[in-house]
$ cat final05.txt   # compact mmCIF, C-alpha atoms and all ligand atoms
# COMPACT_ATOMS: atom_id res chain seq x y z
CA MET A 2 2.75 6.62 -1.90
CA ALA A 3 6.17 7.67 -0.79
CA ASP A 4 8.21 5.37 -3.03
CA ASN A 5 8.62 7.90 -5.80
CA GLU A 6 9.61 10.69 -3.44
CA ILE A 7 12.78 8.80 -2.62
CA LEU A 8 13.75 8.70 -6.26
CA ASN A 9 13.20 12.40 -6.77
CA SER A 10 15.60 13.32 -4.02
CA THR A 11 18.37 10.90 -5.06
CA VAL A 12 21.23 12.06 -7.22
CA VAL A 13 21.76 9.59 -10.03
CA ASP A 14 25.22 8.52 -11.08
CA ALA A 15 24.74 8.02 -14.82
CA SER A 16 27.81 5.78 -15.05
CA ASN A 17 26.30 3.16 -12.77
CA GLU A 18 23.19 1.41 -14.00
CA TYR A 19 22.36 -0.16 -10.65
CA ASP A 20 22.64 2.79 -8.33
CA ALA A 21 20.56 3.37 -5.24
CA SER A 22 17.78 5.29 -6.96
CA GLU A 23 17.16 2.50 -9.40
CA ILE A 24 16.85 -0.02 -6.59
CA GLN A 25 14.29 2.23 -4.94
CA VAL A 26 12.32 2.25 -8.17
CA LEU A 27 12.32 -1.54 -8.30
CA GLU A 28 11.14 -1.71 -4.70
CA GLY A 29 8.35 0.68 -5.61
CA LEU A 30 7.00 -1.60 -8.29
CA GLU A 31 7.57 -4.71 -6.14
CA ALA A 32 4.84 -3.30 -3.91
CA VAL A 33 2.44 -3.48 -6.86
CA ARG A 34 3.25 -7.14 -7.51
CA LYS A 35 2.90 -7.96 -3.79
CA ARG A 36 -0.52 -6.36 -3.44
CA PRO A 37 -1.95 -5.88 -6.95
CA GLY A 38 -5.48 -5.48 -5.61
CA MET A 39 -4.43 -2.24 -3.91
CA TYR A 40 -3.66 -0.75 -7.31
CA ILE A 41 -6.14 -2.30 -9.75
CA GLY A 42 -8.93 -3.44 -7.45
CA SER A 43 -8.64 -7.17 -8.12
CA THR A 44 -6.69 -9.78 -10.07
CA SER A 45 -9.82 -11.25 -11.64
CA GLU A 46 -11.43 -10.28 -14.94
CA SER A 47 -12.12 -6.75 -13.75
CA GLY A 48 -8.48 -6.14 -12.80
CA LEU A 49 -7.29 -7.57 -16.11
CA HIS A 50 -9.46 -5.10 -18.02
CA HIS A 51 -8.52 -2.32 -15.65
CA LEU A 52 -4.96 -2.51 -17.00
CA VAL A 53 -6.26 -1.33 -20.36
CA TYR A 54 -8.22 1.55 -18.80
CA GLU A 55 -5.13 2.72 -16.89
CA ILE A 56 -3.21 3.02 -20.17
CA VAL A 57 -6.11 4.54 -22.13
CA ASP A 58 -6.61 7.15 -19.38
CA ASN A 59 -3.23 8.63 -20.33
CA SER A 60 -4.31 9.03 -23.95
CA ILE A 61 -7.59 10.54 -22.80
CA ASP A 62 -5.67 13.08 -20.72
CA GLU A 63 -3.79 13.97 -23.87
CA ALA A 64 -7.12 14.39 -25.67
CA LEU A 65 -8.49 16.56 -22.83
CA ALA A 66 -5.34 18.69 -23.12
CA GLY A 67 -6.29 19.21 -26.79
CA PHE A 68 -3.48 17.29 -28.49
CA CYS A 69 -5.02 13.94 -29.39
CA ASP A 70 -8.23 13.06 -31.26
CA GLU A 71 -7.90 9.36 -31.95
CA ILE A 72 -7.17 6.32 -29.76
CA THR A 73 -7.10 2.70 -30.88
CA VAL A 74 -7.30 -0.27 -28.52
CA THR A 75 -6.36 -3.62 -30.05
CA ILE A 76 -6.57 -7.13 -28.62
CA ASN A 77 -3.79 -9.00 -30.41
CA GLU A 78 -3.40 -12.74 -30.95
CA GLY A 79 -2.27 -14.16 -27.59
CA ASP A 80 -4.35 -11.62 -25.66
CA THR A 81 -1.74 -8.91 -25.61
CA ILE A 82 -3.09 -5.36 -25.77
CA THR A 83 -1.96 -2.44 -27.91
CA VAL A 84 -3.09 1.12 -27.16
CA THR A 85 -2.07 3.78 -29.64
CA ASP A 86 -2.84 7.51 -29.86
CA ASN A 87 -1.98 10.45 -32.08
CA GLY A 88 -0.99 12.80 -29.26
CA ARG A 89 2.33 14.59 -28.74
CA GLY A 90 4.12 11.44 -27.58
CA ILE A 91 5.34 10.86 -24.01
CA PRO A 92 8.29 13.21 -23.34
CA VAL A 93 11.65 11.53 -23.92
CA ASP A 94 14.04 14.18 -22.60
CA ILE A 95 16.27 13.46 -19.61
CA GLN A 96 14.77 14.64 -16.35
CA PRO A 97 17.23 16.65 -14.24
CA GLN A 98 15.91 15.18 -10.95
CA THR A 99 16.48 11.57 -11.98
CA GLY A 100 18.94 11.65 -14.87
CA LEU A 101 16.52 9.32 -16.67
CA PRO A 102 14.36 9.88 -19.75
CA ALA A 103 10.87 11.05 -18.73
CA LEU A 104 9.59 8.02 -20.65
CA GLU A 105 11.43 5.66 -18.31
CA VAL A 106 10.14 7.46 -15.22
CA VAL A 107 6.55 7.16 -16.47
CA PHE A 108 6.89 3.37 -16.55
CA THR A 109 9.10 2.73 -13.53
CA VAL A 110 7.99 5.18 -10.85
CA LEU A 111 4.86 4.52 -8.90
CA HIS A 112 2.77 7.66 -9.19
CA ALA A 113 0.57 8.73 -6.31
CA GLY A 114 -3.17 8.91 -6.54
CA GLY A 115 -4.34 5.52 -7.71
CA LYS A 116 -8.08 5.03 -7.51
CA PHE A 117 -7.72 2.03 -5.23
CA GLY A 118 -4.63 3.16 -3.37
CA GLY A 119 -6.33 5.53 -1.00
CA GLY A 120 -5.39 8.88 -2.53
CA GLY A 121 -7.61 10.95 -4.77
CA TYR A 122 -7.80 9.83 -8.35
CA LYS A 123 -6.49 12.45 -10.70
CA VAL A 124 -7.33 12.66 -14.34
CA SER A 125 -6.51 15.62 -16.50
CA GLY A 126 -3.89 18.26 -16.06
CA GLY A 127 -0.51 16.98 -17.23
CA LEU A 128 -0.31 14.11 -14.76
CA HIS A 129 1.30 11.87 -17.31
CA GLY A 130 1.90 8.23 -16.62
CA VAL A 131 -0.56 7.78 -13.77
CA GLY A 132 -1.12 4.04 -13.79
CA ALA A 133 1.44 3.22 -16.49
CA SER A 134 3.98 1.88 -13.97
CA VAL A 135 1.30 -0.26 -12.33
CA VAL A 136 0.44 -1.83 -15.67
CA ASN A 137 4.16 -2.29 -16.34
CA ALA A 138 4.69 -4.03 -12.98
CA LEU A 139 1.83 -6.44 -13.71
CA SER A 140 2.90 -7.22 -17.28
CA GLN A 141 5.09 -10.15 -18.26
CA TRP A 142 6.45 -7.70 -20.83
CA LEU A 143 5.60 -4.22 -22.05
CA GLU A 144 6.92 -2.21 -24.99
CA VAL A 145 6.43 1.45 -25.81
CA GLN A 146 7.08 3.37 -29.00
CA VAL A 147 6.98 7.14 -29.06
CA HIS A 148 6.81 9.09 -32.32
CA LYS A 149 8.20 12.54 -31.56
CA ASN A 150 10.78 15.01 -32.88
CA GLY A 151 10.86 13.09 -36.20
CA GLN A 152 12.17 9.99 -34.40
CA ILE A 153 10.71 6.71 -33.17
CA TYR A 154 11.87 6.00 -29.62
CA GLU A 155 11.44 2.53 -28.17
CA MET A 156 11.81 1.05 -24.73
CA LYS A 157 11.07 -2.41 -23.30
CA PHE A 158 10.31 -3.80 -19.86
CA SER A 159 9.56 -7.06 -18.12
CA ARG A 160 7.58 -7.23 -14.85
CA GLY A 161 8.45 -3.58 -14.27
CA ASN A 162 12.16 -3.92 -14.97
CA VAL A 163 13.91 -2.24 -17.89
CA THR A 164 15.04 -4.84 -20.43
CA GLU A 165 15.90 -2.39 -23.22
CA LYS A 166 16.91 1.19 -22.46
CA MET A 167 15.34 3.90 -24.59
CA THR A 168 16.75 3.84 -28.12
CA VAL A 169 15.86 5.45 -31.44
CA VAL A 170 14.66 2.75 -33.82
CA GLY A 171 13.60 4.80 -36.84
CA ARG A 172 12.29 8.04 -38.29
CA THR A 173 8.69 9.27 -38.48
CA ASP A 174 6.62 12.17 -39.74
CA ARG A 175 3.89 11.90 -37.10
CA THR A 176 3.57 12.09 -33.33
CA GLY A 177 1.94 9.70 -30.89
CA THR A 178 2.40 6.93 -28.35
CA THR A 179 1.93 3.17 -28.73
CA VAL A 180 2.06 0.77 -25.77
CA THR A 181 1.81 -3.02 -26.09
CA PHE A 182 1.70 -5.27 -23.04
CA LYS A 183 1.09 -8.85 -22.00
CA PRO A 184 -0.60 -9.18 -18.60
CA ASP A 185 1.48 -11.44 -16.37
CA PRO A 186 -0.15 -14.86 -15.96
CA GLU A 187 1.58 -15.03 -12.55
CA MET A 188 -0.55 -12.08 -11.45
CA PHE A 189 -4.00 -12.77 -12.96
CA GLU A 190 -6.42 -15.64 -12.54
CA ASP A 191 -7.17 -15.56 -16.25
CA THR A 192 -5.52 -13.50 -18.99
CA VAL A 193 -8.17 -13.79 -21.72
CA TYR A 194 -9.70 -10.45 -22.69
CA SER A 195 -13.37 -9.82 -23.44
CA TYR A 196 -13.87 -7.66 -26.52
CA ASP A 197 -17.37 -6.78 -25.28
CA ILE A 198 -16.13 -5.47 -21.94
CA LEU A 199 -13.46 -3.32 -23.60
CA HIS A 200 -15.78 -2.14 -26.37
CA THR A 201 -18.52 -1.17 -23.90
CA ARG A 202 -16.12 0.82 -21.73
CA MET A 203 -14.50 2.51 -24.74
CA ARG A 204 -17.93 3.48 -26.11
CA GLU A 205 -18.66 5.07 -22.73
CA GLU A 206 -15.34 6.96 -22.92
CA ALA A 207 -16.24 8.14 -26.43
CA PHE A 208 -19.62 9.48 -25.19
CA LEU A 209 -17.94 11.19 -22.24
CA ASN A 210 -15.29 12.87 -24.40
CA ALA A 211 -17.21 14.52 -27.25
CA GLY A 212 -15.42 14.45 -30.59
CA LEU A 213 -12.77 11.91 -29.53
CA ARG A 214 -12.58 8.92 -31.89
CA ILE A 215 -11.94 5.60 -30.17
CA ASN A 216 -11.42 2.44 -32.22
CA THR A 217 -11.54 -1.05 -30.77
CA VAL A 218 -10.06 -3.96 -32.69
CA ASP A 219 -9.98 -7.70 -32.01
CA LEU A 220 -7.31 -9.50 -34.04
CA ARG A 221 -7.63 -12.90 -32.32
CA PRO A 222 -8.17 -15.67 -34.87
CA GLY A 223 -11.85 -16.52 -35.17
CA LYS A 224 -12.88 -13.47 -33.10
CA GLU A 225 -11.95 -10.73 -35.61
CA GLN A 226 -14.07 -7.60 -35.22
CA ARG A 227 -13.71 -3.84 -34.98
CA ASP A 228 -15.69 -0.76 -34.04
CA SER A 229 -15.04 2.95 -34.42
CA MET A 230 -16.82 5.37 -32.09
CA CYS A 231 -16.95 9.15 -32.17
CA TYR A 232 -19.84 11.21 -30.80
CA GLU A 233 -19.86 14.92 -31.58
CA GLY A 234 -22.88 15.26 -29.26
CA GLY A 235 -21.08 13.79 -26.23
CA ILE A 236 -23.47 12.92 -23.37
CA VAL A 237 -26.45 14.14 -25.44
CA SER A 238 -25.57 11.36 -27.89
CA PHE A 239 -25.30 9.02 -24.88
CA VAL A 240 -28.93 9.67 -23.83
CA GLU A 241 -30.10 9.38 -27.44
CA TRP A 242 -28.23 6.09 -27.85
CA ILE A 243 -29.72 4.60 -24.66
CA HIS A 244 -33.27 5.43 -25.82
CA THR A 245 -32.69 4.12 -29.33
CA ARG A 246 -31.05 0.90 -28.16
CA LYS A 247 -33.83 0.13 -25.70
CA SER A 248 -36.59 1.33 -28.09
CA MET A 249 -37.86 3.71 -25.42
CA ASP A 250 -40.52 6.30 -26.32
CA VAL A 251 -39.55 9.85 -25.47
CA ILE A 252 -42.14 12.45 -24.46
CA HIS A 253 -40.30 15.53 -25.81
CA PRO A 254 -38.09 15.59 -28.92
CA GLU A 255 -35.11 17.62 -27.68
CA ILE A 256 -32.65 16.27 -25.14
CA ILE A 257 -32.09 18.88 -22.43
CA TYR A 258 -28.41 19.77 -22.01
CA ILE A 259 -26.94 21.95 -19.26
CA SER A 260 -23.28 22.64 -18.54
CA THR A 261 -21.51 24.79 -16.02
CA GLN A 262 -17.91 25.55 -15.07
CA GLY A 263 -16.20 26.37 -11.81
CA ASP A 264 -12.55 27.31 -11.26
CA ASN A 265 -11.30 23.75 -11.14
CA ASN A 266 -14.27 21.76 -12.36
CA VAL A 267 -16.95 21.34 -14.99
CA ALA A 268 -20.36 19.69 -14.81
CA GLU A 269 -22.58 18.56 -17.66
CA VAL A 270 -26.06 17.08 -17.60
CA ALA A 271 -28.07 15.61 -20.50
CA MET A 272 -31.61 14.37 -19.90
CA GLN A 273 -34.85 13.38 -21.52
CA TYR A 274 -38.18 12.06 -20.26
CA THR A 275 -39.61 8.81 -21.59
CA THR A 276 -42.86 6.94 -21.06
CA SER A 277 -41.05 4.49 -18.77
CA TYR A 278 -42.14 4.29 -15.11
CA SER A 279 -38.60 4.10 -13.83
CA GLU A 280 -35.69 6.50 -13.72
CA MET A 281 -32.22 5.91 -15.09
CA ILE A 282 -29.36 7.95 -13.67
CA LEU A 283 -25.86 7.42 -15.01
CA SER A 284 -23.26 9.55 -13.30
CA PHE A 285 -19.53 9.93 -13.89
CA ALA A 286 -16.68 11.77 -12.23
CA ASN A 287 -13.53 12.18 -14.32
CA ASN A 288 -14.96 9.63 -16.75
CA VAL A 289 -15.23 7.06 -13.94
CA HIS A 290 -18.70 5.61 -13.53
CA THR A 291 -19.90 6.57 -10.05
CA GLY A 292 -22.25 3.64 -9.51
CA GLU A 293 -22.77 4.59 -5.88
CA GLY A 294 -23.65 8.16 -6.85
CA GLY A 295 -22.36 10.95 -4.66
CA THR A 296 -22.51 14.69 -4.31
CA HIS A 297 -22.90 15.46 -8.03
CA GLU A 298 -25.89 13.12 -8.28
CA GLU A 299 -27.46 14.31 -5.03
CA GLY A 300 -27.01 17.93 -6.08
CA PHE A 301 -28.67 17.29 -9.43
CA LYS A 302 -31.63 15.48 -7.85
CA ALA A 303 -32.21 18.23 -5.29
CA ALA A 304 -31.99 20.93 -7.97
CA LEU A 305 -34.39 19.16 -10.34
CA THR A 306 -36.98 18.57 -7.60
CA LYS A 307 -36.78 22.21 -6.54
CA VAL A 308 -36.98 23.62 -10.08
CA ILE A 309 -40.05 21.55 -10.97
CA ASN A 310 -41.83 22.34 -7.70
CA ASP A 311 -41.05 26.06 -7.99
CA TYR A 312 -42.35 26.06 -11.56
CA GLY A 313 -45.48 24.20 -10.53
CA LYS A 314 -46.16 26.61 -7.69
CA ARG A 315 -45.55 29.74 -9.75
CA ASN A 316 -47.85 28.58 -12.54
CA GLY A 317 -50.64 27.37 -10.30
CA LEU A 318 -50.15 23.74 -11.20
CA LEU A 319 -49.49 22.77 -7.59
CA LYS A 320 -52.03 24.13 -5.13
CA ASP A 321 -52.00 24.75 -1.35
CA GLY A 322 -48.64 23.34 -0.40
CA GLU A 323 -48.82 20.40 -2.82
CA LYS A 324 -45.35 19.04 -3.53
CA LEU A 325 -43.90 16.51 -5.94
CA SER A 326 -41.41 14.08 -4.44
CA GLY A 327 -38.02 13.46 -6.01
CA GLU A 328 -39.24 10.09 -7.29
CA ASP A 329 -42.28 11.72 -8.93
CA VAL A 330 -40.09 14.25 -10.68
CA ARG A 331 -37.71 11.58 -12.01
CA GLU A 332 -40.31 9.09 -13.24
CA GLY A 333 -39.39 8.21 -16.83
CA LEU A 334 -36.26 10.34 -16.75
CA THR A 335 -32.98 9.26 -18.29
CA VAL A 336 -30.07 11.43 -17.21
CA VAL A 337 -26.35 11.36 -17.76
CA ILE A 338 -24.33 13.49 -15.35
CA SER A 339 -20.64 14.02 -16.05
CA VAL A 340 -18.34 16.08 -13.85
CA LYS A 341 -14.63 16.64 -14.25
CA LEU A 342 -12.63 17.95 -11.32
CA THR A 343 -8.97 18.12 -10.41
CA GLU A 344 -9.08 16.45 -6.99
CA ALA A 345 -11.85 13.87 -7.06
CA GLN A 346 -12.46 12.08 -3.76
CA PHE A 347 -13.94 8.62 -4.19
CA GLU A 348 -15.71 6.95 -1.29
CA GLY A 349 -17.98 4.01 -0.56
CA GLN A 350 -17.66 0.22 -0.71
CA THR A 351 -16.39 0.14 -4.28
CA LYS A 352 -14.84 3.63 -4.39
CA THR A 353 -17.48 4.68 -6.92
CA LYS A 354 -19.16 7.38 -4.84
CA LEU A 355 -18.07 10.98 -5.33
CA GLY A 356 -17.42 12.78 -2.06
CA ASN A 357 -16.41 16.31 -3.11
CA SER A 358 -18.85 18.67 -1.40
CA GLU A 359 -18.30 21.46 -3.96
CA MET A 360 -19.93 19.30 -6.64
CA ARG A 361 -23.27 19.32 -4.80
CA THR A 362 -24.01 22.89 -5.75
CA LEU A 363 -21.99 23.40 -8.92
F1 LIG B 1 0.32 4.95 -20.08
C1 LIG B 1 1.27 5.55 -20.75
F2 LIG B 1 1.82 6.43 -19.97
F3 LIG B 1 2.12 4.65 -21.04
C2 LIG B 1 0.73 6.12 -21.98
C3 LIG B 1 0.78 7.47 -22.22
C4 LIG B 1 0.17 5.26 -22.92
C5 LIG B 1 -0.35 5.76 -24.10
C6 LIG B 1 -0.97 4.85 -25.10
C7 LIG B 1 -0.29 7.11 -24.33
C8 LIG B 1 0.28 7.97 -23.41
C9 LIG B 1 0.35 9.36 -23.73
C10 LIG B 1 1.01 10.37 -23.04
N1 LIG B 1 -0.17 9.89 -24.82
N2 LIG B 1 0.13 11.18 -24.86
C11 LIG B 1 0.86 11.50 -23.79
N3 LIG B 1 1.32 12.75 -23.60
C12 LIG B 1 2.26 13.12 -22.69
O1 LIG B 1 2.70 12.35 -21.86
C13 LIG B 1 2.76 14.50 -22.78
C14 LIG B 1 3.29 14.95 -23.97
C15 LIG B 1 3.81 16.23 -24.07
C16 LIG B 1 3.82 17.05 -22.95
C17 LIG B 1 4.40 18.40 -23.04
O2 LIG B 1 4.25 19.17 -22.08
O3 LIG B 1 5.04 18.74 -24.05
C18 LIG B 1 3.30 16.61 -21.76
C19 LIG B 1 2.76 15.33 -21.66
C20 LIG B 1 2.17 14.88 -20.37

$ encode --input "final05.txt" --output "structure tokens"
Amino acid sequence: MADNEILNSTVVDASNEYDASEIQVLEGLEAVRKRPGMYIGSTSESGLHHLVYEIVDNSIDEALAGFCDEITVTINEGDTITVTDNGRGIPVDIQPQTGLPALEVVFTVLHAGGKFGGGGYKVSGGLHGVGASVVNALSQWLEVQVHKNGQIYEMKFSRGNVTEKMTVVGRTDRTGTTVTFKPDPEMFEDTVYSYDILHTRMREEAFLNAGLRINTVDLRPGKEQRDSMCYEGGIVSFVEWIHTRKSMDVIHPEIIYISTQGDNNVAEVAMQYTTSYSEMILSFANNVHTGEGGTHEEGFKAALTKVINDYGKRNGLLKDGEKLSGEDVREGLTVVISVKLTEAQFEGQTKTKLGNSEMRTL
């Protein structure tokens, strides 16, 4: 997306609030309101919930960077959403390129690399604000509070436009970021949130980010409920939880866990065999569920088939060219595969298939 490039190369006249660069910013977010599906996939229930994930992803990046260990997602009365974390707080200093507080840029500049926008989807690595401006553009209103430097900074927006410039509204002894937004009824078919959908996705995020505590809260009258999730065992806990929840019988007590690191990527696998006749493969790339599989899943399958066949041959369990098929080897297997990489390429019908060739052999 080129919209934000224009801003970066424009000199801002701080005395004029409606200078050229600001107009460019507004045009950038207009694109989101014109074609919301390009940025969040759809304007149905899935798109509505996607807004929350876009915001939470920023807190998860902060956790991956090692500065945040708790995130709370709240559905408020009126189906507004609050996401709060205990990270360092979005930077508030004035950026030399734009003359604007970094906080404002995060919410008003369309960042490249949206999952549905064509570019690669980026997760960790200091790419703050990816998705925040999209959520802002599609919100009737959005407010952010940043606790940082002993101060509470606040800023407000409506449909992507600044309605209250960044101001200091109080003092604090902690750090963190809180964002509250109301999805724009002009943009979504329905603006009622499902606690179950959010809770399920947040539980998945908690499994995929070992040690991170994620709380979900529903404050809507008559629907009050809350959950707090933190799994020190990460994806090992995920496999254990699946087997417990479905009352599946396991055929060996220990869950097998393997992890490996490359220069710009990590891969983790947790697996356990059960008495079930079917296989269950859950794969993720950058915490995104890759329902269509991809190179990480194919690489795992090929490696498992080879390892078991080699073992069988070496130990005389498979005779004269006997070979187990991939399906044989995976019968009863539950496996969670999680890879994290800097430049994930998503392909396929629903952009949930990982294409990066390096992940096949990692
Ligand atoms: F979506 C969002 F951008 F609005 C958003 C960001 C929403 C929420 C709930 C949290 C966050 C967020 C961002 N939490 N933590 C951060 N961290 C940073 O943006 C950050 C802080 C410090 C530094 C640094 O280098 O000092 C760098 C970054 C990226």

$ residues_around --input "final05.txt" --residues "region 153-162 of chain A" --least-positions-apart "5" --cutoff "8 Å" --atoms "all atoms listed in the file" --output "PyMOL selection string"
chain A and resi 27+30+93+105+108-109+134+137-148+167-173+185

$ residues_around --input "final05.txt" --residues "region 330-346 of chain A" --least-positions-apart "2" --cutoff "6 Å" --atoms "all atoms listed in the file" --output "number ranges by chain"
A: 121-122, 265-287, 327-328, 355-357

$ residues_near_ligand --input "final05.txt" --ligand "ligand LIG 1 (chain B)" --cutoff "8 Å" --atoms "all atoms listed in the file" --output "PyMOL selection string"
chain A and resi 55-64+68-69+72+83-92+104+107-108+127-134+145+177-180

$ closest_residue --input "final05.txt" --among "A:Arg361, A:Lys166, A:His50, A:Lys354" --to "Val289 (chain A)" --atoms "all atoms listed in the file"
A:Lys354

$ closest_residue --input "final05.txt" --among "A:Asp321, A:Asp329, A:Glu348, A:Asp197" --to "Asp228 (chain A)" --atoms "only C-alpha atoms"
A:Asp197

$ atom_distance --input "final05.txt" --atom1 "CA of Glu205 (chain A)" --atom2 "CA of Glu298 (chain A)"
18.1 Å

$ closest_residue --input "final05.txt" --among "A:Val163, A:Met360, A:Ile243, A:Val237" --to "Ile256 (chain A)" --atoms "all atoms listed in the file"
A:Val237

$ axis_aligned_box --input "final05.txt" --around "region 203-217 of chain A" --padding-each-side "6 Å" --output "AutoDock Vina command-line options"
--center_x -15.5 --center_y 6.7 --center_z -27.2 --size_x 20.2 --size_y 27.6 --size_z 22.0

$ build_atoms --input "final05.txt" --residues "region 307-321 of chain A" --atoms "N, CA, C and O atoms" --output "PDB file, in the frame of the given file"
ATOM      1  N   LYS A 307     -36.468  20.823  -6.905  1.00  0.00           N
ATOM      2  CA  LYS A 307     -36.780  22.210  -6.540  1.00  0.00           C
ATOM      3  C   LYS A 307     -37.290  22.986  -7.754  1.00  0.00           C
ATOM      4  O   LYS A 307     -38.318  23.680  -7.676  1.00  0.00           O
ATOM      5  N   VAL A 308     -36.616  22.866  -8.867  1.00  0.00           N
ATOM      6  CA  VAL A 308     -36.980  23.620 -10.080  1.00  0.00           C
ATOM      7  C   VAL A 308     -38.407  23.266 -10.518  1.00  0.00           C
ATOM      8  O   VAL A 308     -39.215  24.144 -10.817  1.00  0.00           O
ATOM      9  N   ILE A 309     -38.723  21.973 -10.511  1.00  0.00           N
ATOM     10  CA  ILE A 309     -40.050  21.550 -10.970  1.00  0.00           C
ATOM     11  C   ILE A 309     -41.124  22.005  -9.984  1.00  0.00           C
ATOM     12  O   ILE A 309     -42.180  22.503 -10.387  1.00  0.00           O
ATOM     13  N   ASN A 310     -40.849  21.896  -8.701  1.00  0.00           N
ATOM     14  CA  ASN A 310     -41.830  22.340  -7.700  1.00  0.00           C
ATOM     15  C   ASN A 310     -42.029  23.843  -7.740  1.00  0.00           C
ATOM     16  O   ASN A 310     -43.171  24.324  -7.657  1.00  0.00           O
ATOM     17  N   ASP A 311     -40.938  24.592  -7.901  1.00  0.00           N
ATOM     18  CA  ASP A 311     -41.050  26.060  -7.990  1.00  0.00           C
ATOM     19  C   ASP A 311     -41.882  26.442  -9.215  1.00  0.00           C
ATOM     20  O   ASP A 311     -42.750  27.320  -9.137  1.00  0.00           O
ATOM     21  N   TYR A 312     -41.618  25.779 -10.321  1.00  0.00           N
ATOM     22  CA  TYR A 312     -42.350  26.060 -11.560  1.00  0.00           C
ATOM     23  C   TYR A 312     -43.843  25.769 -11.368  1.00  0.00           C
ATOM     24  O   TYR A 312     -44.702  26.571 -11.729  1.00  0.00           O
ATOM     25  N   GLY A 313     -44.098  24.609 -10.762  1.00  0.00           N
ATOM     26  CA  GLY A 313     -45.480  24.200 -10.530  1.00  0.00           C
ATOM     27  C   GLY A 313     -46.234  25.184  -9.649  1.00  0.00           C
ATOM     28  O   GLY A 313     -47.393  25.518  -9.896  1.00  0.00           O
ATOM     29  N   LYS A 314     -45.533  25.666  -8.612  1.00  0.00           N
ATOM     30  CA  LYS A 314     -46.160  26.610  -7.690  1.00  0.00           C
ATOM     31  C   LYS A 314     -46.451  27.938  -8.386  1.00  0.00           C
ATOM     32  O   LYS A 314     -47.545  28.476  -8.324  1.00  0.00           O
ATOM     33  N   ARG A 315     -45.445  28.444  -9.076  1.00  0.00           N
ATOM     34  CA  ARG A 315     -45.550  29.740  -9.750  1.00  0.00           C
ATOM     35  C   ARG A 315     -46.659  29.748 -10.797  1.00  0.00           C
ATOM     36  O   ARG A 315     -47.302  30.755 -11.050  1.00  0.00           O
ATOM     37  N   ASN A 316     -46.871  28.633 -11.445  1.00  0.00           N
ATOM     38  CA  ASN A 316     -47.850  28.580 -12.540  1.00  0.00           C
ATOM     39  C   ASN A 316     -49.181  27.967 -12.120  1.00  0.00           C
ATOM     40  O   ASN A 316     -50.000  27.592 -12.964  1.00  0.00           O
ATOM     41  N   GLY A 317     -49.371  27.850 -10.827  1.00  0.00           N
ATOM     42  CA  GLY A 317     -50.640  27.370 -10.300  1.00  0.00           C
ATOM     43  C   GLY A 317     -50.955  25.919 -10.616  1.00  0.00           C
ATOM     44  O   GLY A 317     -52.118  25.506 -10.597  1.00  0.00           O
ATOM     45  N   LEU A 318     -49.926  25.159 -10.905  1.00  0.00           N
ATOM     46  CA  LEU A 318     -50.150  23.740 -11.200  1.00  0.00           C
ATOM     47  C   LEU A 318     -50.155  22.903  -9.933  1.00  0.00           C
ATOM     48  O   LEU A 318     -50.713  21.815  -9.879  1.00  0.00           O
ATOM     49  N   LEU A 319     -49.503  23.430  -8.900  1.00  0.00           N
ATOM     50  CA  LEU A 319     -49.490  22.770  -7.590  1.00  0.00           C
ATOM     51  C   LEU A 319     -50.184  23.721  -6.634  1.00  0.00           C
ATOM     52  O   LEU A 319     -49.791  24.882  -6.519  1.00  0.00           O
ATOM     53  N   LYS A 320     -51.247  23.226  -5.993  1.00  0.00           N
ATOM     54  CA  LYS A 320     -52.030  24.130  -5.130  1.00  0.00           C
ATOM     55  C   LYS A 320     -51.844  23.819  -3.645  1.00  0.00           C
ATOM     56  O   LYS A 320     -51.460  22.722  -3.277  1.00  0.00           O
ATOM     57  N   ASP A 321     -52.098  24.771  -2.815  1.00  0.00           N
ATOM     58  CA  ASP A 321     -52.000  24.750  -1.350  1.00  0.00           C
ATOM     59  C   ASP A 321     -50.973  23.738  -0.820  1.00  0.00           C
ATOM     60  O   ASP A 321     -51.341  22.685  -0.293  1.00  0.00           O
TER      61      ASP A 321
END
